[in-house]
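input.csv follows; it contains CSV, C-alpha atoms.
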```csv
chain,number,residue,atom,x,y,z
H,1,MET,CA,80.7,6.3,19.1
H,2,LYS,CA,78.1,4.7,21.2
H,3,ASN,CA,75.6,7.4,20.2
H,4,LYS,CA,76.5,6.8,16.6
H,5,LYS,CA,75.7,3.1,16.9
H,6,LEU,CA,72.4,3.9,18.6
H,7,LEU,CA,71.5,6.4,16.0
H,8,ILE,CA,72.3,4.0,13.2
H,9,GLY,CA,70.3,1.2,15.0
H,10,LEU,CA,67.3,3.5,15.3
H,11,MET,CA,67.6,4.5,11.6
H,12,VAL,CA,67.6,0.8,10.6
H,13,VAL,CA,64.5,0.1,12.8
H,14,VAL,CA,62.6,3.1,11.4
H,15,LEU,CA,63.6,2.3,7.8
H,16,ALA,CA,62.5,-1.4,8.3
H,17,PHE,CA,59.1,-0.3,9.7
H,18,GLY,CA,58.7,2.2,7.0
H,19,LEU,CA,59.4,-0.3,4.3
H,20,SER,CA,57.4,-3.0,5.9
H,21,GLY,CA,54.4,-0.7,6.0
H,22,ASN,CA,54.6,-0.2,2.2
H,23,VAL,CA,55.2,-3.9,1.5
H,24,TRP,CA,52.2,-5.1,3.6
H,25,ALA,CA,49.8,-2.2,3.0
H,26,VAL,CA,46.1,-3.1,3.3
H,27,ALA,CA,43.8,-2.5,0.3
H,28,THR,CA,40.1,-1.9,0.8
H,29,GLY,CA,37.1,-1.9,-1.4
H,30,THR,CA,33.4,-0.9,-1.0
H,31,GLU,CA,30.2,-2.5,-2.1
H,32,PRO,CA,26.9,-0.6,-2.3
H,33,VAL,CA,23.9,-2.6,-0.8
H,34,SER,CA,20.3,-1.5,-1.3
H,35,LEU,CA,18.1,-2.6,1.6
H,36,GLY,CA,14.3,-2.3,1.8
H,37,VAL,CA,11.1,-3.9,3.1
H,38,ASP,CA,8.2,-4.3,0.7
H,39,PRO,CA,4.6,-4.1,1.8
H,40,ILE,CA,3.2,-7.5,2.7
H,41,HIS,CA,-0.4,-8.7,3.0
H,42,ILE,CA,-1.1,-12.4,2.8
H,43,ILE,CA,-4.0,-14.4,4.1
H,44,THR,CA,-5.1,-18.0,4.5
H,45,VAL,CA,-8.3,-19.5,5.8
H,46,LEU,CA,-8.5,-22.5,8.1
H,47,SER,CA,-12.0,-23.9,8.1
H,48,SER,CA,-14.3,-26.9,8.2
H,49,THR,CA,-17.5,-27.1,6.2
H,50,GLU,CA,-20.2,-25.5,8.3
H,51,THR,CA,-23.8,-26.6,7.9
H,52,LEU,CA,-26.4,-24.1,9.2
H,53,SER,CA,-30.2,-24.5,9.0
H,54,ILE,CA,-33.3,-23.2,10.6
H,55,ALA,CA,-35.0,-26.2,12.2
H,56,ASP,CA,-37.5,-27.1,14.9
H,57,THR,CA,-34.9,-28.1,17.4
H,58,ASP,CA,-35.1,-26.3,20.7
H,59,ILE,CA,-38.4,-24.5,20.1
H,60,SER,CA,-42.0,-25.3,21.0
H,61,ALA,CA,-45.2,-24.7,19.1
H,62,GLY,CA,-45.9,-21.0,18.8
H,63,GLU,CA,-42.3,-19.9,19.3
H,64,THR,CA,-40.2,-18.1,16.7
H,65,PRO,CA,-37.4,-20.2,15.2
H,66,ALA,CA,-34.0,-19.0,16.3
H,67,ASP,CA,-31.0,-17.9,14.3
H,68,ASN,CA,-28.5,-20.7,13.8
H,69,ALA,CA,-25.0,-19.9,14.9
H,70,GLY,CA,-22.4,-22.3,13.7
H,71,ILE,CA,-20.2,-24.4,15.9
H,72,LEU,CA,-17.2,-24.7,13.5
H,73,PRO,CA,-15.6,-21.2,13.2
H,74,ALA,CA,-13.1,-20.5,10.5
H,75,TYR,CA,-9.7,-18.8,11.3
H,76,LEU,CA,-8.2,-16.1,9.1
H,77,GLN,CA,-4.4,-16.2,9.5
H,78,TYR,CA,-2.5,-13.2,8.0
H,79,THR,CA,0.8,-11.4,7.9
H,80,THR,CA,1.0,-7.7,7.1
H,81,ILE,CA,3.8,-5.2,6.8
H,82,THR,CA,2.6,-1.6,6.4
H,83,ASP,CA,4.5,1.6,5.6
H,84,GLY,CA,3.8,2.8,9.1
H,85,THR,CA,0.9,5.1,8.2
H,86,ALA,CA,-1.5,2.8,6.4
H,87,THR,CA,-3.4,-0.2,7.8
H,88,TYR,CA,-5.0,-3.2,6.2
H,89,LYS,CA,-8.5,-4.6,6.3
H,90,ILE,CA,-10.1,-7.9,5.5
H,91,THR,CA,-13.3,-8.0,3.5
H,92,ALA,CA,-15.8,-10.9,2.9
H,93,GLU,CA,-18.2,-11.5,0.1
H,94,LEU,CA,-20.3,-14.2,-1.3
H,95,GLY,CA,-20.0,-15.5,-4.9
H,96,SER,CA,-22.0,-13.5,-7.4
H,97,THR,CA,-24.2,-16.5,-8.1
H,98,ASP,CA,-24.6,-17.6,-4.5
H,99,VAL,CA,-28.2,-17.6,-3.3
H,100,LEU,CA,-29.2,-17.8,0.4
H,101,PRO,CA,-32.5,-19.3,1.5
H,102,ALA,CA,-35.4,-16.9,1.3
H,103,GLY,CA,-35.9,-14.7,4.4
H,104,THR,CA,-32.4,-15.3,5.7
H,105,GLU,CA,-29.0,-13.6,5.6
H,106,LEU,CA,-25.6,-14.9,6.4
H,107,GLN,CA,-23.9,-12.9,9.1
H,108,LEU,CA,-20.2,-13.1,10.2
H,109,ILE,CA,-18.8,-12.3,13.7
H,110,THR,CA,-15.1,-11.7,13.6
H,111,THR,CA,-12.9,-11.7,16.7
H,112,PRO,CA,-9.2,-11.1,16.0
H,113,GLY,CA,-6.9,-13.1,18.2
H,114,THR,CA,-5.1,-11.6,21.2
H,115,THR,CA,-2.0,-13.8,21.2
H,116,THR,CA,0.2,-12.7,18.3
H,117,THR,CA,3.7,-13.5,17.4
H,118,ALA,CA,4.1,-9.8,16.7
H,119,GLY,CA,1.6,-6.9,16.6
H,120,ASP,CA,-2.0,-6.1,17.0
H,121,GLN,CA,-4.4,-8.1,14.8
H,122,GLY,CA,-6.9,-5.4,14.1
H,123,THR,CA,-10.6,-4.8,15.0
H,124,GLY,CA,-13.4,-7.3,14.3
H,125,VAL,CA,-17.0,-6.7,13.6
H,126,ILE,CA,-20.2,-8.1,15.2
H,127,ALA,CA,-23.0,-9.7,13.1
H,128,THR,CA,-22.2,-8.2,9.7
H,129,ALA,CA,-24.4,-9.5,6.9
H,130,ILE,CA,-22.5,-10.5,3.8
H,131,SER,CA,-23.6,-10.5,0.2
H,132,ALA,CA,-22.0,-10.4,-3.3
H,133,THR,CA,-20.7,-7.0,-2.3
H,134,ALA,CA,-17.6,-7.0,-0.2
H,135,VAL,CA,-17.9,-5.8,3.4
H,136,ASP,CA,-15.2,-5.1,6.0
H,137,ILE,CA,-15.0,-7.7,8.7
H,138,VAL,CA,-11.6,-6.9,10.2
H,139,THR,CA,-10.2,-3.3,10.1
H,140,ALA,CA,-7.2,-1.3,11.3
H,141,ILE,CA,-4.7,-4.1,10.9
H,142,PRO,CA,-1.1,-2.7,11.4
H,143,SER,CA,2.1,-4.6,10.8
H,144,CYS,CA,1.5,-8.0,12.4
H,145,ASN,CA,1.4,-11.8,12.0
H,146,THR,CA,-1.2,-13.9,13.6
H,147,GLY,CA,0.6,-17.2,14.1
H,148,THR,CA,-0.1,-20.5,12.4
H,149,THR,CA,-1.7,-22.8,15.0
H,150,THR,CA,-5.2,-24.1,14.2
H,151,THR,CA,-6.8,-21.5,16.4
H,152,SER,CA,-4.5,-18.5,15.6
H,153,GLY,CA,-5.8,-15.5,13.8
H,154,ALA,CA,-9.2,-13.8,13.5
H,155,MET,CA,-12.0,-16.2,14.5
H,156,VAL,CA,-14.9,-16.1,12.1
H,157,GLU,CA,-18.3,-17.3,13.3
H,158,HIS,CA,-21.2,-17.9,10.9
H,159,VAL,CA,-24.8,-17.1,11.7
H,160,LEU,CA,-27.8,-18.0,9.5
H,161,HIS,CA,-30.0,-15.1,10.6
H,162,ILE,CA,-33.8,-14.9,10.1
H,163,LYS,CA,-34.2,-11.6,8.3
H,164,THR,CA,-37.9,-11.9,7.5
H,165,LEU,CA,-39.9,-14.7,9.2
H,166,ALA,CA,-42.8,-14.4,6.8
H,167,SER,CA,-40.5,-15.0,3.9
H,168,LEU,CA,-39.1,-18.3,5.1
H,169,VAL,CA,-39.8,-21.2,2.9
H,170,THR,CA,-38.5,-24.7,3.1
H,171,THR,CA,-35.6,-25.1,0.8
H,172,ALA,CA,-32.8,-27.5,0.0
H,173,ALA,CA,-29.3,-26.6,1.3
H,174,ALA,CA,-27.8,-23.6,-0.4
H,175,ASN,CA,-24.1,-23.9,-0.8
H,176,VAL,CA,-22.2,-20.7,-0.8
H,177,THR,CA,-18.6,-19.7,-1.0
H,178,ILE,CA,-17.1,-16.9,1.1
H,179,THR,CA,-14.2,-15.0,-0.4
H,180,TYR,CA,-11.9,-13.2,2.1
H,181,THR,CA,-9.6,-10.5,0.8
H,182,ILE,CA,-6.9,-8.5,2.6
H,183,LEU,CA,-6.1,-5.1,1.2
H,184,ASP,CA,-4.6,-1.7,2.0
H,185,THR,CA,-7.0,0.9,3.4
H,186,VAL,CA,-5.3,3.8,1.7
```
Just dump the structure as C-alpha coordinates.
Amino acid sequence: MKNKKLLIGLMVVVLAFGLSGNVWAVATGTEPVSLGVDPIHIITVLSSTETLSIADTDISAGETPADNAGILPAYLQYTTITDGTATYKITAELGSTDVLPAGTELQLITTPGTTTTAGDQGTGVIATAISATAVDIVTAIPSCNTGTTTTSGAMVEHVLHIKTLASLVTTAAANVTITYTILDTV
(Lines of atoms letter the chains of each structure in order from A and count residues from 1; the text may use other names and numbers.)
(Lines give C-alpha, C1' and ligand atoms only; values in the text may rest on other atoms or scores of the structure.)
Protein backbone atom coordinates (compact mmCIF):
# COMPACT_ATOMS: atom_id res chain seq x y z
CA MET A 1 0.00 0.00 0.00
CA LYS A 2 2.84 2.27 0.82
CA ASN A 3 4.28 1.73 -2.64
CA LYS A 4 0.91 2.51 -4.18
CA LYS A 5 0.71 5.82 -2.34
CA LEU A 6 4.26 6.65 -3.40
CA LEU A 7 3.48 5.76 -7.00
CA ILE A 8 0.30 7.87 -6.98
CA GLY A 9 2.19 10.77 -5.37
CA LEU A 10 4.90 10.62 -8.04
CA MET A 11 2.29 10.48 -10.79
CA VAL A 12 0.59 13.59 -9.37
CA VAL A 13 3.91 15.44 -9.26
CA VAL A 14 4.86 14.41 -12.82
CA LEU A 15 1.40 15.31 -14.10
CA ALA A 16 1.56 18.70 -12.34
CA PHE A 17 4.96 19.50 -13.82
CA GLY A 18 3.84 18.32 -17.25
CA LEU A 19 0.74 20.50 -17.17
CA SER A 20 2.56 23.47 -15.75
CA GLY A 21 5.08 23.27 -18.62
CA ASN A 22 2.27 23.58 -21.11
CA VAL A 23 0.48 26.31 -19.18
CA TRP A 24 3.61 28.50 -18.78
CA ALA A 25 5.34 27.72 -22.08
CA VAL A 26 7.71 30.44 -23.38
CA ALA A 27 7.09 31.87 -26.84
CA THR A 28 9.94 33.45 -28.85
CA GLY A 29 10.16 35.61 -31.93
CA THR A 30 13.00 36.79 -34.15
CA GLU A 31 13.89 40.13 -35.67
CA PRO A 32 16.27 40.59 -38.60
CA VAL A 33 18.67 43.53 -38.15
CA SER A 34 20.87 44.80 -40.96
CA LEU A 35 24.16 46.31 -39.76
CA GLY A 36 26.76 48.20 -41.80
CA VAL A 37 29.36 50.93 -41.78
CA ASP A 38 29.27 53.44 -44.61
CA PRO A 39 32.41 55.09 -45.98
CA ILE A 40 33.03 58.42 -44.25
CA HIS A 41 35.24 61.28 -45.34
CA ILE A 42 34.61 64.69 -43.82
CA ILE A 43 36.94 67.64 -43.40
CA THR A 44 36.97 71.06 -41.77
CA VAL A 45 39.59 73.82 -41.81
CA LEU A 46 40.70 75.83 -38.78
CA SER A 47 42.57 78.90 -39.92
CA SER A 48 43.28 82.56 -39.40
CA THR A 49 43.77 84.99 -42.24
CA GLU A 50 47.42 84.76 -43.25
CA THR A 51 49.19 87.76 -44.80
CA LEU A 52 52.32 86.98 -46.79
CA SER A 53 54.45 89.48 -48.66
CA ILE A 54 57.93 89.84 -50.07
CA ALA A 55 59.44 92.83 -48.25
CA ASP A 56 62.79 94.42 -47.45
CA THR A 57 62.76 93.19 -43.86
CA ASP A 58 65.76 91.13 -42.82
CA ILE A 59 67.82 91.77 -45.97
CA SER A 60 70.56 94.19 -46.86
CA ALA A 61 71.27 95.95 -50.13
CA GLY A 62 72.43 93.48 -52.77
CA GLU A 63 70.79 90.45 -51.14
CA THR A 64 68.00 88.42 -52.66
CA PRO A 65 64.66 88.80 -50.94
CA ALA A 66 63.63 85.66 -49.11
CA ASP A 67 60.49 83.58 -49.39
CA ASN A 68 57.91 84.53 -46.83
CA ALA A 69 56.77 81.63 -44.68
CA GLY A 70 53.59 82.28 -42.78
CA ILE A 71 53.30 82.22 -39.02
CA LEU A 72 49.61 81.29 -38.80
CA PRO A 73 49.24 77.70 -39.97
CA ALA A 74 45.87 76.23 -40.78
CA TYR A 75 44.80 72.84 -39.42
CA LEU A 76 42.84 70.33 -41.47
CA GLN A 77 40.73 68.14 -39.23
CA TYR A 78 39.18 65.05 -40.73
CA THR A 79 37.45 61.76 -40.07
CA THR A 80 37.69 58.86 -42.50
CA ILE A 81 36.32 55.33 -42.60
CA THR A 82 37.60 53.23 -45.49
CA ASP A 83 36.67 49.80 -46.80
CA GLY A 84 40.02 48.46 -45.54
CA THR A 85 41.67 48.47 -48.96
CA ALA A 86 41.29 52.06 -50.14
CA THR A 87 42.76 55.19 -48.59
CA TYR A 88 41.82 58.84 -48.82
CA LYS A 89 43.78 61.91 -49.84
CA ILE A 90 43.38 65.64 -49.39
CA THR A 91 43.89 68.01 -52.32
CA ALA A 92 44.31 71.78 -52.38
CA GLU A 93 43.62 74.24 -55.15
CA LEU A 94 43.20 77.96 -55.71
CA GLY A 95 40.03 79.48 -57.10
CA SER A 96 39.90 79.59 -60.89
CA THR A 97 40.06 83.41 -60.90
CA ASP A 98 42.70 83.78 -58.16
CA VAL A 99 45.88 85.54 -59.30
CA LEU A 100 49.19 85.44 -57.42
CA PRO A 101 51.69 88.30 -57.55
CA ALA A 102 53.93 88.05 -60.65
CA GLY A 103 57.06 85.96 -60.13
CA THR A 104 55.66 84.08 -57.11
CA GLU A 105 53.91 80.86 -56.25
CA LEU A 106 52.04 79.79 -53.16
CA GLN A 107 53.47 76.66 -51.61
CA LEU A 108 51.96 74.48 -48.90
CA ILE A 109 53.82 72.33 -46.41
CA THR A 110 51.58 69.79 -44.71
CA THR A 111 52.44 67.86 -41.58
CA PRO A 112 49.80 65.40 -40.41
CA GLY A 113 49.47 65.19 -36.65
CA THR A 114 50.91 62.36 -34.63
CA THR A 115 48.44 62.43 -31.78
CA THR A 116 45.21 60.89 -32.98
CA THR A 117 42.10 59.71 -31.31
CA ALA A 118 42.30 56.70 -33.59
CA GLY A 119 44.45 55.80 -36.60
CA ASP A 120 47.28 57.15 -38.73
CA GLN A 121 46.59 60.60 -40.25
CA GLY A 122 48.37 59.99 -43.58
CA THR A 123 51.49 61.39 -45.23
CA GLY A 124 52.12 65.11 -45.79
CA VAL A 125 54.04 66.92 -48.52
CA ILE A 126 56.85 69.46 -48.46
CA ALA A 127 56.68 72.73 -50.41
CA THR A 128 54.05 71.84 -52.99
CA ALA A 129 53.02 74.72 -55.25
CA ILE A 130 49.28 75.06 -55.66
CA SER A 131 47.30 76.52 -58.53
CA ALA A 132 43.77 76.28 -59.93
CA THR A 133 44.47 72.58 -60.54
CA ALA A 134 44.11 70.36 -57.47
CA VAL A 135 47.31 68.85 -56.06
CA ASP A 136 47.69 66.20 -53.38
CA ILE A 137 48.81 67.60 -50.04
CA VAL A 138 48.04 64.66 -47.69
CA THR A 139 47.99 61.08 -49.00
CA ALA A 140 47.55 57.51 -47.77
CA ILE A 141 44.93 58.36 -45.16
CA PRO A 142 43.43 55.17 -43.69
CA SER A 143 40.46 55.04 -41.31
CA CYS A 144 41.18 57.69 -38.68
CA ASN A 145 40.04 60.80 -36.91
CA THR A 146 42.33 63.70 -36.10
CA GLY A 147 40.74 65.13 -32.99
CA THR A 148 39.14 68.53 -32.62
CA THR A 149 41.45 70.75 -30.55
CA THR A 150 42.75 73.93 -32.20
CA THR A 151 46.03 72.24 -33.15
CA SER A 152 44.68 68.79 -34.06
CA GLY A 153 44.96 67.46 -37.60
CA ALA A 154 47.29 68.13 -40.49
CA MET A 155 49.13 71.43 -40.03
CA VAL A 156 49.27 73.48 -43.25
CA GLU A 157 51.99 76.10 -43.53
CA HIS A 158 51.86 78.71 -46.30
CA VAL A 159 54.94 79.97 -48.14
CA LEU A 160 54.98 82.82 -50.66
CA HIS A 161 57.84 81.54 -52.79
CA ILE A 162 59.87 83.67 -55.19
CA LYS A 163 59.71 81.67 -58.39
CA THR A 164 61.37 84.18 -60.73
CA LEU A 165 63.16 87.14 -59.14
CA ALA A 166 63.29 89.07 -62.42
CA SER A 167 59.50 88.80 -62.73
CA LEU A 168 58.73 90.36 -59.35
CA VAL A 169 56.84 93.62 -59.57
CA THR A 170 55.25 95.61 -56.79
CA THR A 171 51.60 94.80 -56.45
CA ALA A 172 48.70 95.27 -54.14
CA ALA A 173 47.71 92.33 -52.00
CA ALA A 174 46.27 89.44 -53.98
CA ASN A 175 43.57 87.68 -52.00
CA VAL A 176 43.20 84.02 -52.80
CA THR A 177 41.02 81.22 -51.49
CA ILE A 178 42.34 77.71 -50.99
CA THR A 179 39.87 74.87 -51.35
CA TYR A 180 40.68 71.60 -49.56
CA THR A 181 38.95 68.41 -50.69
CA ILE A 182 39.11 64.94 -49.17
CA LEU A 183 38.46 62.06 -51.53
CA ASP A 184 38.89 58.35 -52.08
CA THR A 185 42.09 57.32 -53.89
CA VAL A 186 40.45 54.42 -55.77
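The two atoms in question, atom CA of Ala102 of chain H and atom CA of Ile162 of chain H, are spaced 9.2 Å apart.
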Taking all atoms listed in the file into account, which of H:Thr57, H:Thr87, H:Val37, H:Thr104 comes nearest Thr171 of chain H?
-> H:Thr104
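Proximity to Thr97 of chain H was assessed for H:Leu165, H:Ser131, H:Ala154, H:Val26 counting all atoms listed in the file; the smallest distance is recorded for H:Ser131.
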For atom CA of Val159 of chain H and atom CA of Val176 of chain H, determine how far apart the two atoms are, in Å to one decimal place.
-> 13.3 Å
Tell me, as a list in words, which residues lie within 12 Å of Ser96 of chain H, counting all atoms listed in the file; anything in the same chain fewer than 4 positions away does not count.
-> Leu100, Ile130, Ser131, Ala132, Thr133, Ala134, Val176, Thr177, Ile178 and Thr179 of chain H
Closest of H:Leu46, H:Leu160, H:Ala55, H:Ala140 to Ile182 of chain H, counting all atoms listed in the file, is H:Ala140
